[in-house]
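K.L.:
Pasting a structure here, questions to come.
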Amino acid sequence: MADPYLSAGRAPDSTGQSISESREAERRRIPLEVQLKVANHYKAGRPIEVTILVTNLFEATLMMNSRMLVNHPLLQGEVSFRIRGPDGKKIEIQRLITPLSLRDEDFVLLDRGQSIQRSVDLSDLYGITRKGVYRVQVSYHNEIDNASGHQHAWKGVVLSDPVEIHIE
């Protein structure tokens, strides 16, 4: 007869699966879409203009940080890029930006289907000059809380799908 006070060993965690399933479902319900609009080809030594588009897909209105400052992911800013060069090596931002303070006007309300956008020159920010194919992904992130009435700013991180940029 087994002693009821002795452990029979480690039992499987019945909540483990449900927590991971819940987190995966939460990721699928992120109410934002981040897109990176690029041209198919760019000329070496010329501007590499890309546009970041953040769209509310949620039924409810979202308060968004529209400043969309591009910076290193560990510094203040809402937009950061992951860029791999033709050799597969990561390309770091060359022009770090000291941000101005966020203002209340930087927070906007987006209804479902509405977007905020910003265009940037990757050759200026990242010093991209070599010919070849680059793999680019952008993230929009906001950790700053702001409130207007009962509405609070959306906080979190969303990544775009990666795209390829051809520099000739």
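Residues are named by chain letter and number: chains run A, B, ... in the order of the structure tokens, numbers start at 1 in each chain, and ligands are numbered from 1 in the order shown.
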Sorted by chain and rising residue number, which residues of range 71-148 of chain A lie within 8 Å of range 35-55 of chain A, and what are their closest atom pairs and distances in Å to one decimal, counting only C-alpha atoms, as a Markdown table?

P.N.:
| residue | atom | partner | partner_atom | distance |
| --- | --- | --- | --- | --- |
| A:Arg112 | CA | A:Thr55 | CA | 7.9 |
| A:Gly113 | CA | A:Thr55 | CA | 6.1 |
| A:Gln114 | CA | A:Thr55 | CA | 5.7 |
| A:Ser115 | CA | A:Thr55 | CA | 4.2 |
| A:Ile116 | CA | A:Val54 | CA | 5.4 |
| A:Gln117 | CA | A:Leu53 | CA | 4.5 |
| A:Arg118 | CA | A:Ile52 | CA | 5.4 |
| A:Ser119 | CA | A:Thr51 | CA | 4.1 |
| A:Val120 | CA | A:Glu49 | CA | 5.6 |
| A:Asp121 | CA | A:Glu49 | CA | 4.5 |
| A:Leu122 | CA | A:Ile48 | CA | 5.3 |
| A:Ser123 | CA | A:Ile48 | CA | 5.5 |
| A:Asp124 | CA | A:Pro47 | CA | 7.3 |
| A:Thr129 | CA | A:Gly45 | CA | 5.4 |
| A:Arg130 | CA | A:Ala44 | CA | 6.3 |
| A:Lys131 | CA | A:Ala44 | CA | 6.0 |
| A:Gln137 | CA | A:Leu36 | CA | 7.5 |
| A:Val138 | CA | A:Leu36 | CA | 6.9 |
| A:Tyr140 | CA | A:Val54 | CA | 7.7 |

K.L.:
Restricted to N, CA and C atoms, what would the selected residues look like written as an mmCIF file, in the first residue's frame?

P.N.:
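Final output, result_33.cif:
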data_model
loop_
_atom_site.group_PDB
_atom_site.id
_atom_site.type_symbol
_atom_site.label_atom_id
_atom_site.label_comp_id
_atom_site.auth_asym_id
_atom_site.auth_seq_id
_atom_site.Cartn_x
_atom_site.Cartn_y
_atom_site.Cartn_z
ATOM 1 N N ARG A 112 -10.996 50.714 -36.941
ATOM 2 C CA ARG A 112 -10.655 49.512 -37.703
ATOM 3 C C ARG A 112 -10.374 49.886 -39.160
ATOM 4 N N GLY A 113 -9.247 49.397 -39.687
ATOM 5 C CA GLY A 113 -8.876 49.640 -41.073
ATOM 6 C C GLY A 113 -8.052 50.899 -41.281
ATOM 7 N N GLN A 114 -7.976 51.778 -40.291
ATOM 8 C CA GLN A 114 -7.169 52.986 -40.437
ATOM 9 C C GLN A 114 -5.704 52.682 -40.126
ATOM 10 N N SER A 115 -4.817 53.504 -40.704
ATOM 11 C CA SER A 115 -3.379 53.258 -40.583
ATOM 12 C C SER A 115 -2.622 54.524 -40.228
ATOM 13 N N ILE A 116 -1.422 54.311 -39.708
ATOM 14 C CA ILE A 116 -0.422 55.362 -39.586
ATOM 15 C C ILE A 116 0.760 54.884 -40.418
ATOM 16 N N GLN A 117 1.534 55.825 -40.954
ATOM 17 C CA GLN A 117 2.670 55.412 -41.769
ATOM 18 C C GLN A 117 3.816 56.387 -41.658
ATOM 19 N N ARG A 118 4.997 55.898 -42.048
ATOM 20 C CA ARG A 118 6.205 56.718 -42.048
ATOM 21 C C ARG A 118 7.137 56.174 -43.101
ATOM 22 N N SER A 119 7.727 57.059 -43.884
ATOM 23 C CA SER A 119 8.724 56.667 -44.879
ATOM 24 C C SER A 119 10.105 57.034 -44.369
ATOM 25 N N VAL A 120 11.076 56.144 -44.623
ATOM 26 C CA VAL A 120 12.454 56.376 -44.185
ATOM 27 C C VAL A 120 13.408 55.942 -45.292
ATOM 28 N N ASP A 121 14.624 56.461 -45.222
ATOM 29 C CA ASP A 121 15.679 56.119 -46.170
ATOM 30 C C ASP A 121 16.665 55.188 -45.472
ATOM 31 N N LEU A 122 16.653 53.902 -45.849
ATOM 32 C CA LEU A 122 17.530 52.925 -45.207
ATOM 33 C C LEU A 122 19.001 53.167 -45.525
ATOM 34 N N SER A 123 19.302 53.767 -46.676
ATOM 35 C CA SER A 123 20.713 54.037 -46.996
ATOM 36 C C SER A 123 21.274 55.079 -46.025
ATOM 37 N N ASP A 124 20.459 56.035 -45.615
ATOM 38 C CA ASP A 124 20.894 57.060 -44.671
ATOM 39 C C ASP A 124 21.018 56.490 -43.260
ATOM 40 N N THR A 129 25.038 50.534 -48.930
ATOM 41 C CA THR A 129 25.581 51.030 -50.198
ATOM 42 C C THR A 129 25.970 49.896 -51.150
ATOM 43 N N ARG A 130 26.197 48.688 -50.625
ATOM 44 C CA ARG A 130 26.656 47.581 -51.471
ATOM 45 C C ARG A 130 25.528 46.997 -52.300
ATOM 46 N N LYS A 131 25.873 46.507 -53.458
ATOM 47 C CA LYS A 131 24.915 45.825 -54.317
ATOM 48 C C LYS A 131 24.630 44.447 -53.752
ATOM 49 N N GLN A 137 13.128 43.320 -42.289
ATOM 50 C CA GLN A 137 11.913 43.154 -41.492
ATOM 51 C C GLN A 137 11.844 44.349 -40.555
ATOM 52 N N VAL A 138 10.648 44.834 -40.296
ATOM 53 C CA VAL A 138 10.482 45.992 -39.416
ATOM 54 C C VAL A 138 9.566 45.615 -38.261
ATOM 55 N N TYR A 140 7.147 47.382 -35.112
ATOM 56 C CA TYR A 140 6.536 48.542 -34.466
ATOM 57 C C TYR A 140 6.361 48.160 -33.008
#

K.L.:
Skipping near chain neighbours, those fewer than 2 positions away, what residues fall within 7 Å of Gly132 in chain A using only C-alpha atoms, listed as a list of chain:residue names?

P.N.:
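Final neighbour list, sorted by chain and number: A:Pro86, A:Arg130, A:Tyr134, A:His166, A:Ile167, A:Glu168.
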
K.L.:
As a list in words, which residues of range 38-67 of chain A does DSSP assign to strand (DSSP E or B)?

P.N.:
His41, Tyr42, Glu49, Val50, Thr51, Ile52, Leu53, Val54, Thr55, Asn56, Leu62, Met63, Met64 and Asn65 of chain A

K.L.:
Go ahead and write the residues just picked, N, CA, C and O atoms, as a compact mmCIF listing (two decimals), in the first residue's frame.

P.N.:
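Final file, result-v6.txt:
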# COMPACT_ATOMS: atom_id res chain seq x y z
N HIS A 41 13.50 47.14 -56.88
CA HIS A 41 14.92 47.38 -57.10
C HIS A 41 15.28 48.82 -56.73
O HIS A 41 14.49 49.73 -56.93
N TYR A 42 16.50 48.99 -56.22
CA TYR A 42 17.05 50.29 -55.90
C TYR A 42 18.44 50.38 -56.52
O TYR A 42 19.10 49.37 -56.73
N GLU A 49 14.22 54.29 -50.16
CA GLU A 49 13.01 54.77 -49.49
C GLU A 49 12.04 53.59 -49.28
O GLU A 49 11.65 52.93 -50.24
N VAL A 50 11.67 53.36 -48.01
CA VAL A 50 10.68 52.34 -47.66
C VAL A 50 9.62 52.99 -46.80
O VAL A 50 9.87 53.99 -46.14
N THR A 51 8.43 52.40 -46.79
CA THR A 51 7.33 52.94 -45.99
C THR A 51 6.83 51.88 -45.02
O THR A 51 6.58 50.74 -45.42
N ILE A 52 6.72 52.28 -43.76
CA ILE A 52 6.17 51.41 -42.72
C ILE A 52 4.71 51.79 -42.55
O ILE A 52 4.38 52.96 -42.36
N LEU A 53 3.83 50.80 -42.60
CA LEU A 53 2.40 51.02 -42.50
C LEU A 53 1.87 50.16 -41.35
O LEU A 53 2.05 48.94 -41.34
N VAL A 54 1.25 50.81 -40.35
CA VAL A 54 0.67 50.11 -39.20
C VAL A 54 -0.83 50.31 -39.25
O VAL A 54 -1.32 51.44 -39.23
N THR A 55 -1.57 49.19 -39.34
CA THR A 55 -3.02 49.23 -39.53
C THR A 55 -3.73 48.55 -38.37
O THR A 55 -3.35 47.46 -37.95
N ASN A 56 -4.80 49.18 -37.88
CA ASN A 56 -5.65 48.61 -36.84
C ASN A 56 -6.59 47.59 -37.49
O ASN A 56 -7.40 47.94 -38.34
N LEU A 62 -8.33 51.92 -31.48
CA LEU A 62 -7.10 51.80 -30.70
C LEU A 62 -6.39 53.15 -30.64
O LEU A 62 -6.36 53.88 -31.63
N MET A 63 -5.82 53.47 -29.49
CA MET A 63 -4.97 54.65 -29.37
C MET A 63 -3.55 54.20 -29.68
O MET A 63 -3.02 53.28 -29.06
N MET A 64 -2.94 54.86 -30.68
CA MET A 64 -1.63 54.46 -31.15
C MET A 64 -0.62 55.59 -31.01
O MET A 64 -0.95 56.76 -31.17
N ASN A 65 0.61 55.23 -30.74
CA ASN A 65 1.73 56.16 -30.71
C ASN A 65 2.16 56.36 -32.16
O ASN A 65 2.74 55.47 -32.78

K.L.:
Skipping near chain neighbours, those fewer than 6 positions away, what residues fall within 10 Å of Ser148 in chain A using only C-alpha atoms, listed as number ranges by chain?

P.N.:
A: 63, 104, 107, 109

K.L.:
Taking only chain A into account, list the residues labelled helix (DSSP H, G or I) by DSSP (computed from the backbone), as a list in words.

P.N.:
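After running DSSP on the backbone, chain A has helix (DSSP H, G or I) at Ser14, Thr15, Gly16, Gln17, Ser18, Ile19, Ser20, Glu21, Ser22, Arg23, Glu24, Ala25, Glu26, Arg27, Arg28, Asp104, Glu105, Asp106, Leu122, Ser123, Asp124, Leu125 and Tyr126 of chain A.
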
K.L.:
Which neighbours of Ile144 in chain A fall inside 12 Å, counting only C-alpha atoms, when residues of the same chain fewer than 5 positions from it are skipped, and could you give them as a PyMOL selection string?

P.N.:
chain A and resi 63-67+76-78+101-104+106-107+152-157

K.L.:
Suppose you want the space between CA of Ile93 in chain A and CA of Phe81 in chain A; what is it in Å?

P.N.:
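Answer for the CA of Ile93 in chain A to CA of Phe81 in chain A separation: 8.2 Å.
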
K.L.:
Grab the CA of Pro162 in chain A to CA of Leu110 in chain A distance for me, in Å with one decimal place.

P.N.:
24.6 Å

K.L.:
Counting only C-alpha atoms, which residue out of A:Thr61, A:Asp161, A:His72, A:Leu100 sits closest to Val136 in chain A?

P.N.:
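Using only C-alpha atoms, Val136 in chain A sits closest to A:Asp161.
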